[in-house]
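Quick notes on the structure that follows.
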2 protein chains.
Amino acid sequence: MIRQEDLPLMVDLYELAMAQAYWAEGMTDTAVFSLFFRELPENRNFILACGQQHIAELIGQLRFTGDHIERLRQLNRFEPEFLDWLSGFRFSGSIRAVEEGTPLFPQEPILEVTAPIAEAQLLESLIMNYVHLESVLASKAVRLTFAADGSPVVDFGMRRMHGLDSAHRGVRAYRLAGLSGTSNVVAGLDFGLDVSGTMAHSFVQAYPDEMEAFKVYARLYPGTTLLVDTYDTRRAVRRIVDWLRQEPDVQIGGIRLDSGDLEQEARDCRKILDDAGFRDIKIMASGGLDEYRIAALRQAGAPIDGFGVGTAIGAANDAPAIELAYKLTEYAGEPKMKNSSGKTSWPGAKQVFRQFDGDGLARKDIIAGLNEQIDGSPLLATVVENGALLPGYPGSLDEQVARARDSVAALPPAFRELEPTEGFEVEFTEYLKHLQAETLKKVST
Amino acid sequence: MIRQEDLPLMVDLYELAMAQAYWAEGMTDTAVFSLFFRELPENRNFILACGQQHIAELIGQLRFTGDHIERLRQLNRFEPEFLDWLSGFRFSGSIRAVEEGTPLFPQEPILEVTAPIAEAQLLESLIMNYVHLESVLASKAVRLTFAADGSPVVDFGMRRMHGLDSAHRGVRAYRLAGLSGTSNVVAGLDFGLDVSGTMAHSFVQAYPDEMEAFKVYARLYPGTTLLVDTYDTRRAVRRIVDWLRQEPDVQIGGIRLDSGDLEQEARDCRKILDDAGFRDIKIMASGGLDEYRIAALRQAGAPIDGFGVGTAIGAANDAPAIELAYKLTEYAGEPKMKNSSGKTSWPGAKQVFRQFDGDGLARKDIIAGLNEQIDGSPLLATVVENGALLPGYPGSLDEQVARARDSVAALPPAFRELEPTEGFEVEFTEYLKHLQAETLKKVST
């Protein structure tokens, strides 16, 4: 596994090659790079931007050690003097970023890096990797909470998440997105999300009779949830009911269904439990669930009290990538842009102002030049200055989670539904339109 | 980021809960768990199984430290004596696994763990996470090599890969899948894949005129590849041609196209270069490429010499998850199976025999009981015994890459195409069919 101290080497070669070129040319002026996405994936009404904090915390600590320099030397592309420069590398710039868990739309900066150009360029892939992962996972997970509409959704995704870094940091993104719990022990502990879990089919199978497995668990874990679908779900629930009638001191908190027609199974199991007076025993469902299936189960009135979701959120299976871009927008005070086919960019350092109506619902975003004063709440704030985290940043994760919840709740209702919607107005200011037109003239000649 | 030493805590809570139950009940008999997938994703004709080696190497080293135990204590679910047991945990079992880069079909074990049940159960999520990631990425990447049909495919995916562990280990999977290079510095160095890279649009933009940027790069990196689509691709190439005519000593190895209609752009650029006598300057394409676009470009005869691929392989975007299952198949000498709706499993420890025809092409797989002798090459071999890596395992990555290439090349031709195909025969032996029928009778009563 890649070690924390080797993160400076998590770089694409061209970033080092460009840094050496800037160094060789004495190009040390300040650049502004903007991280944004060009368009939304098909099944997303917004992106829940997450991961900026991890980058802000990391960036001031990056150091190229002697070992790193030695490894880079093996590539035979770098001058000794440039490698000396790298060994003294300290990020000296600033970062402005939106809060963790901010819903964003295309072209809106998630963060902007202002730094000597070689420094800002070197960090491109690392910044993108961090923000991409957490934003991809949070943007999927928040949809599960929309579908569950208040019922708890628990992350079962570790086994499907792409590697261990994803399975760890992803759980923080899930918490920002509003999930209620996780099966993942270390991530739950690290990020303050309730850790829960029941039993696997293998546990039931290991005993000659599934009732023996249930009894062992009930004794060890009063209030536990029993997995009832290893062989025959209804038979298992009927046998549990018989057992609980005979042993009224046994405490069972719930049963879990993991296969079959979950709606029908839940109804049948609920009836068996209710008829026997066990109305407090909850029904948890898992097994191939995503936001659409959860919404369908809820719409059908399936008596399910909580959902465990693995594959769908673990790899954000319907939109596992976002077209994030990290683009130069200013260098040495000059606005910069790209005019590639279909990828024309907006020059200049920016701010986003979110405007709200009387009910507190977000109505419109205005993307403005950094120094423009516009009505609305500015979304980007300085988090790193002169290479150091701003005092007080990032605050507690609890506060961030609360603010993320409020930001999502302030979206117009259609944006908190699963169906694709459009029409959230995002406007560029006249200043930026003019700047783009003027910059385009310069690069077209 | 999760630290290597904290990997024992990368566990789903239910695994610890089950382990405690086995411990509490004195259930220490040997279990066999099998890792396999139930069905292929829609756009895959096989899964290229990778990652088993990392698990084999890791598993003997897992130790629960005092710090881990202290953290687990905070969950208030574990007996002090069980935590003592955990602190003495050493994997004592064995693992049989297929070679890195083996093409597999549904129900075929990727690996089997034979160990005291609590040990094998504890490792479930870690094993699945490792093998899932690498198999997902390799199974996508190998398709790119089919499409490119001999032309180099280079990984540009770090920024889209899910976290840093994925961006690191994934590159090894890409190498097993047959990619030619990577932009990822540390992963390329660690896994012996050629590290390459050119320049970003930001580099071109940083200069008042793109020709200045090109000249800086050509001076620093003779034979470099120039990114020509920042503003106007054809204009850029015409200006490069004029410059090279004036300065014949300058060495340019290639140009890269990253946007627009790549087929037309490549034709036009090739013509400009050829007309000026620069037939040796290669054309590299990138920008939203996947196997289908590469195949279409090749079919159209687009004069493209190499492909850089990011998003499509970075997140395996059309099939970012595989339905891997880790199932108990034997405990204390008794065959075990699950009979959940749609998820009936096959009991017993297994071997897979691959049979070849006279041309050396794989013809049929036979899934057999572990002790059956069947014609064909057995795919699973012991890699860990008594908790320790078998001497000589895993051998060099170079050898593994060569064997993976041969295994893929031995698939029938239709399985090395992009279009979905079926009909690779995978048969269970009579012994296993009988075992399943007998086991089913037991669990149904």
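Residue numbering restarts at 1 for every chain of the structure tokens, chains are lettered A, B, ... in their displayed order, and ligands are numbered from 1 as they appear.
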Residues of chain B within 6 Å of chain A, counting only C-alpha atoms, as a ChimeraX atom specification: /B:9-14,125,128-129,133,159,162-163,165-166,183-186,197-199,202,229-231,259-260,315,317,320,328,338-341
Go ahead and save the residues from that selection, with C-alpha atoms, as an mmCIF file, in the first residue's frame.
```
data_model
loop_
_atom_site.group_PDB
_atom_site.id
_atom_site.type_symbol
_atom_site.label_atom_id
_atom_site.label_comp_id
_atom_site.auth_asym_id
_atom_site.auth_seq_id
_atom_site.Cartn_x
_atom_site.Cartn_y
_atom_site.Cartn_z
ATOM 1 C CA LEU B 9 -9.134 -2.638 11.605
ATOM 2 C CA MET B 10 -10.282 -2.553 7.969
ATOM 3 C CA VAL B 11 -12.958 -5.017 8.939
ATOM 4 C CA ASP B 12 -16.730 -4.952 8.867
ATOM 5 C CA LEU B 13 -18.158 -5.082 12.347
ATOM 6 C CA TYR B 14 -20.045 -8.296 11.716
ATOM 7 C CA SER B 125 -13.806 -7.709 3.760
ATOM 8 C CA MET B 128 -12.736 -8.870 -1.042
ATOM 9 C CA ASN B 129 -11.602 -5.265 -1.141
ATOM 10 C CA LEU B 133 -10.285 -3.477 -6.836
ATOM 11 C CA ARG B 159 -7.019 11.693 -11.068
ATOM 12 C CA HIS B 162 -10.917 6.114 -6.356
ATOM 13 C CA GLY B 163 -8.355 7.232 -3.838
ATOM 14 C CA ASP B 165 -4.593 3.013 -2.855
ATOM 15 C CA SER B 166 -6.521 2.422 -6.066
ATOM 16 C CA SER B 183 1.596 8.735 -16.188
ATOM 17 C CA ASN B 184 1.702 7.777 -12.486
ATOM 18 C CA VAL B 185 5.236 8.247 -11.182
ATOM 19 C CA VAL B 186 5.316 6.201 -8.008
ATOM 20 C CA GLY B 197 3.864 12.140 -19.796
ATOM 21 C CA THR B 198 3.810 15.237 -21.892
ATOM 22 C CA MET B 199 2.376 18.611 -20.875
ATOM 23 C CA SER B 202 -1.994 24.936 -18.439
ATOM 24 C CA ASP B 229 -5.171 21.420 -29.037
ATOM 25 C CA THR B 230 -5.142 24.230 -26.495
ATOM 26 C CA TYR B 231 -6.424 26.792 -28.989
ATOM 27 C CA SER B 259 -10.280 17.091 -27.849
ATOM 28 C CA GLY B 260 -12.483 17.449 -30.882
ATOM 29 C CA ALA B 315 -12.972 4.051 -12.413
ATOM 30 C CA ASN B 317 -16.692 3.358 -15.603
ATOM 31 C CA PRO B 320 -17.035 -0.365 -11.513
ATOM 32 C CA LEU B 328 -18.488 -20.697 3.457
ATOM 33 C CA LYS B 338 -26.550 -21.119 1.006
ATOM 34 C CA ASN B 339 -29.988 -21.455 -0.534
ATOM 35 C CA SER B 340 -31.140 -17.831 -0.589
ATOM 36 C CA SER B 341 -33.378 -16.883 -3.474
#
```
Distance criterion (only C-alpha atoms): nearest to Glu425 in chain A out of A:Pro106, A:Gly301, A:Gly88, A:Gly348: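 Closest to Glu425 in chain A, using only C-alpha atoms: A:Pro106.
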Which residue of A:Pro80, A:Gly287, A:Pro303, A:Pro222 approaches Glu263 in chain A most closely, using only C-alpha atoms: A:Pro303
Atom-to-atom span, CA of Glu81 in chain B and CA of Val250 in chain A, Å: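 Straight-line distance from CA of Glu81 in chain B to CA of Val250 in chain A works out to 23.8 Å.
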For Thr382 in chain B, the nearest of the candidates B:Arg416, B:Arg403, B:Arg96, B:Lys215, counting only C-alpha atoms: B:Arg96
Strand (DSSP E or B) per DSSP on the backbone: members of range 80-274 of chain A, as a ChimeraX atom specification: /A:94-98,102-104,111-116,153-155,181-182,184,194-195,224-227,252-257
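For Leu262 in chain A, the set of protein, DNA and RNA residues having any atom at most 12 Å away, when counting only C-alpha atoms and skipping those fewer than 6 positions along the same chain, is Asp229, Thr233, Arg256, Asp268, Cys269, Arg270, Ile283, Met284, Ala285, Ser286, Gly287, Gly288, Leu289, Arg293, Ile294, Ala296, Leu297, Arg298, Ala300, Gly301, Ala302, Pro303, Ile304 and Phe307 of chain A; Ser341 of chain B.
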Residues just named, written with N, CA and C atoms as a PDB file, in the first residue's frame:
```pdb
ATOM      1  N   ASP A 229     -32.440 -15.070   5.742  1.00  0.00           N
ATOM      2  CA  ASP A 229     -32.689 -15.589   4.385  1.00  0.00           C
ATOM      3  C   ASP A 229     -31.688 -16.627   3.907  1.00  0.00           C
ATOM      4  N   THR A 233     -36.725 -17.897   4.183  1.00  0.00           N
ATOM      5  CA  THR A 233     -36.931 -16.723   5.026  1.00  0.00           C
ATOM      6  C   THR A 233     -38.142 -16.861   5.949  1.00  0.00           C
ATOM      7  N   ARG A 256     -32.940  -9.245   9.254  1.00  0.00           N
ATOM      8  CA  ARG A 256     -32.435  -8.671   8.001  1.00  0.00           C
ATOM      9  C   ARG A 256     -32.758  -9.595   6.835  1.00  0.00           C
ATOM     10  N   ASP A 268     -44.570 -10.267   4.365  1.00  0.00           N
ATOM     11  CA  ASP A 268     -44.863 -11.565   4.991  1.00  0.00           C
ATOM     12  C   ASP A 268     -44.223 -11.663   6.374  1.00  0.00           C
ATOM     13  N   CYS A 269     -42.978 -11.202   6.452  1.00  0.00           N
ATOM     14  CA  CYS A 269     -42.278 -11.288   7.739  1.00  0.00           C
ATOM     15  C   CYS A 269     -42.930 -10.355   8.765  1.00  0.00           C
ATOM     16  N   ARG A 270     -43.302  -9.166   8.303  1.00  0.00           N
ATOM     17  CA  ARG A 270     -43.959  -8.213   9.207  1.00  0.00           C
ATOM     18  C   ARG A 270     -45.240  -8.826   9.774  1.00  0.00           C
ATOM     19  N   ILE A 283     -37.421  -4.531  10.659  1.00  0.00           N
ATOM     20  CA  ILE A 283     -37.007  -5.248   9.449  1.00  0.00           C
ATOM     21  C   ILE A 283     -36.018  -4.385   8.677  1.00  0.00           C
ATOM     22  N   MET A 284     -34.861  -4.960   8.473  1.00  0.00           N
ATOM     23  CA  MET A 284     -33.802  -4.281   7.734  1.00  0.00           C
ATOM     24  C   MET A 284     -33.641  -5.028   6.410  1.00  0.00           C
ATOM     25  N   ALA A 285     -33.425  -4.261   5.337  1.00  0.00           N
ATOM     26  CA  ALA A 285     -33.264  -4.890   4.026  1.00  0.00           C
ATOM     27  C   ALA A 285     -31.900  -4.552   3.444  1.00  0.00           C
ATOM     28  N   SER A 286     -31.351  -5.499   2.709  1.00  0.00           N
ATOM     29  CA  SER A 286     -30.085  -5.276   2.000  1.00  0.00           C
ATOM     30  C   SER A 286     -30.082  -6.201   0.792  1.00  0.00           C
ATOM     31  N   GLY A 287     -29.028  -6.121  -0.003  1.00  0.00           N
ATOM     32  CA  GLY A 287     -28.932  -7.025  -1.159  1.00  0.00           C
ATOM     33  C   GLY A 287     -29.255  -6.308  -2.454  1.00  0.00           C
ATOM     34  N   GLY A 288     -28.253  -5.736  -3.093  1.00  0.00           N
ATOM     35  CA  GLY A 288     -28.464  -5.118  -4.393  1.00  0.00           C
ATOM     36  C   GLY A 288     -29.316  -3.862  -4.370  1.00  0.00           C
ATOM     37  N   LEU A 289     -29.408  -3.200  -3.223  1.00  0.00           N
ATOM     38  CA  LEU A 289     -30.229  -1.989  -3.158  1.00  0.00           C
ATOM     39  C   LEU A 289     -29.512  -0.779  -3.727  1.00  0.00           C
ATOM     40  N   ARG A 293     -34.384   1.322  -6.097  1.00  0.00           N
ATOM     41  CA  ARG A 293     -35.080   0.219  -5.434  1.00  0.00           C
ATOM     42  C   ARG A 293     -35.613   0.638  -4.068  1.00  0.00           C
ATOM     43  N   ILE A 294     -34.834   1.444  -3.366  1.00  0.00           N
ATOM     44  CA  ILE A 294     -35.318   1.911  -2.059  1.00  0.00           C
ATOM     45  C   ILE A 294     -36.564   2.769  -2.253  1.00  0.00           C
ATOM     46  N   ALA A 296     -38.683   2.635  -4.670  1.00  0.00           N
ATOM     47  CA  ALA A 296     -39.801   1.776  -5.069  1.00  0.00           C
ATOM     48  C   ALA A 296     -40.358   1.018  -3.862  1.00  0.00           C
ATOM     49  N   LEU A 297     -39.484   0.535  -3.003  1.00  0.00           N
ATOM     50  CA  LEU A 297     -39.937  -0.177  -1.806  1.00  0.00           C
ATOM     51  C   LEU A 297     -40.742   0.748  -0.901  1.00  0.00           C
ATOM     52  N   ARG A 298     -40.275   1.979  -0.771  1.00  0.00           N
ATOM     53  CA  ARG A 298     -40.995   2.914   0.095  1.00  0.00           C
ATOM     54  C   ARG A 298     -42.330   3.302  -0.520  1.00  0.00           C
ATOM     55  N   ALA A 300     -44.103   1.533  -2.431  1.00  0.00           N
ATOM     56  CA  ALA A 300     -45.015   0.394  -2.328  1.00  0.00           C
ATOM     57  C   ALA A 300     -45.467   0.175  -0.889  1.00  0.00           C
ATOM     58  N   GLY A 301     -44.885   0.948   0.023  1.00  0.00           N
ATOM     59  CA  GLY A 301     -45.273   0.788   1.420  1.00  0.00           C
ATOM     60  C   GLY A 301     -44.700  -0.455   2.072  1.00  0.00           C
ATOM     61  N   ALA A 302     -43.596  -0.973   1.535  1.00  0.00           N
ATOM     62  CA  ALA A 302     -42.972  -2.151   2.143  1.00  0.00           C
ATOM     63  C   ALA A 302     -42.562  -1.810   3.577  1.00  0.00           C
ATOM     64  N   PRO A 303     -42.919  -2.668   4.518  1.00  0.00           N
ATOM     65  CA  PRO A 303     -42.630  -2.375   5.929  1.00  0.00           C
ATOM     66  C   PRO A 303     -41.166  -2.634   6.270  1.00  0.00           C
ATOM     67  N   ILE A 304     -40.286  -1.773   5.742  1.00  0.00           N
ATOM     68  CA  ILE A 304     -38.845  -1.915   5.963  1.00  0.00           C
ATOM     69  C   ILE A 304     -38.376  -0.698   6.760  1.00  0.00           C
ATOM     70  N   PHE A 307     -32.138   0.396   5.649  1.00  0.00           N
ATOM     71  CA  PHE A 307     -31.558  -0.166   4.424  1.00  0.00           C
ATOM     72  C   PHE A 307     -30.036  -0.257   4.553  1.00  0.00           C
TER      73      PHE A 307
ATOM     74  N   SER B 341     -32.764 -17.063  -2.163  1.00  0.00           N
ATOM     75  CA  SER B 341     -33.378 -16.883  -3.474  1.00  0.00           C
ATOM     76  C   SER B 341     -32.389 -16.281  -4.469  1.00  0.00           C
TER      77      SER B 341
END
```
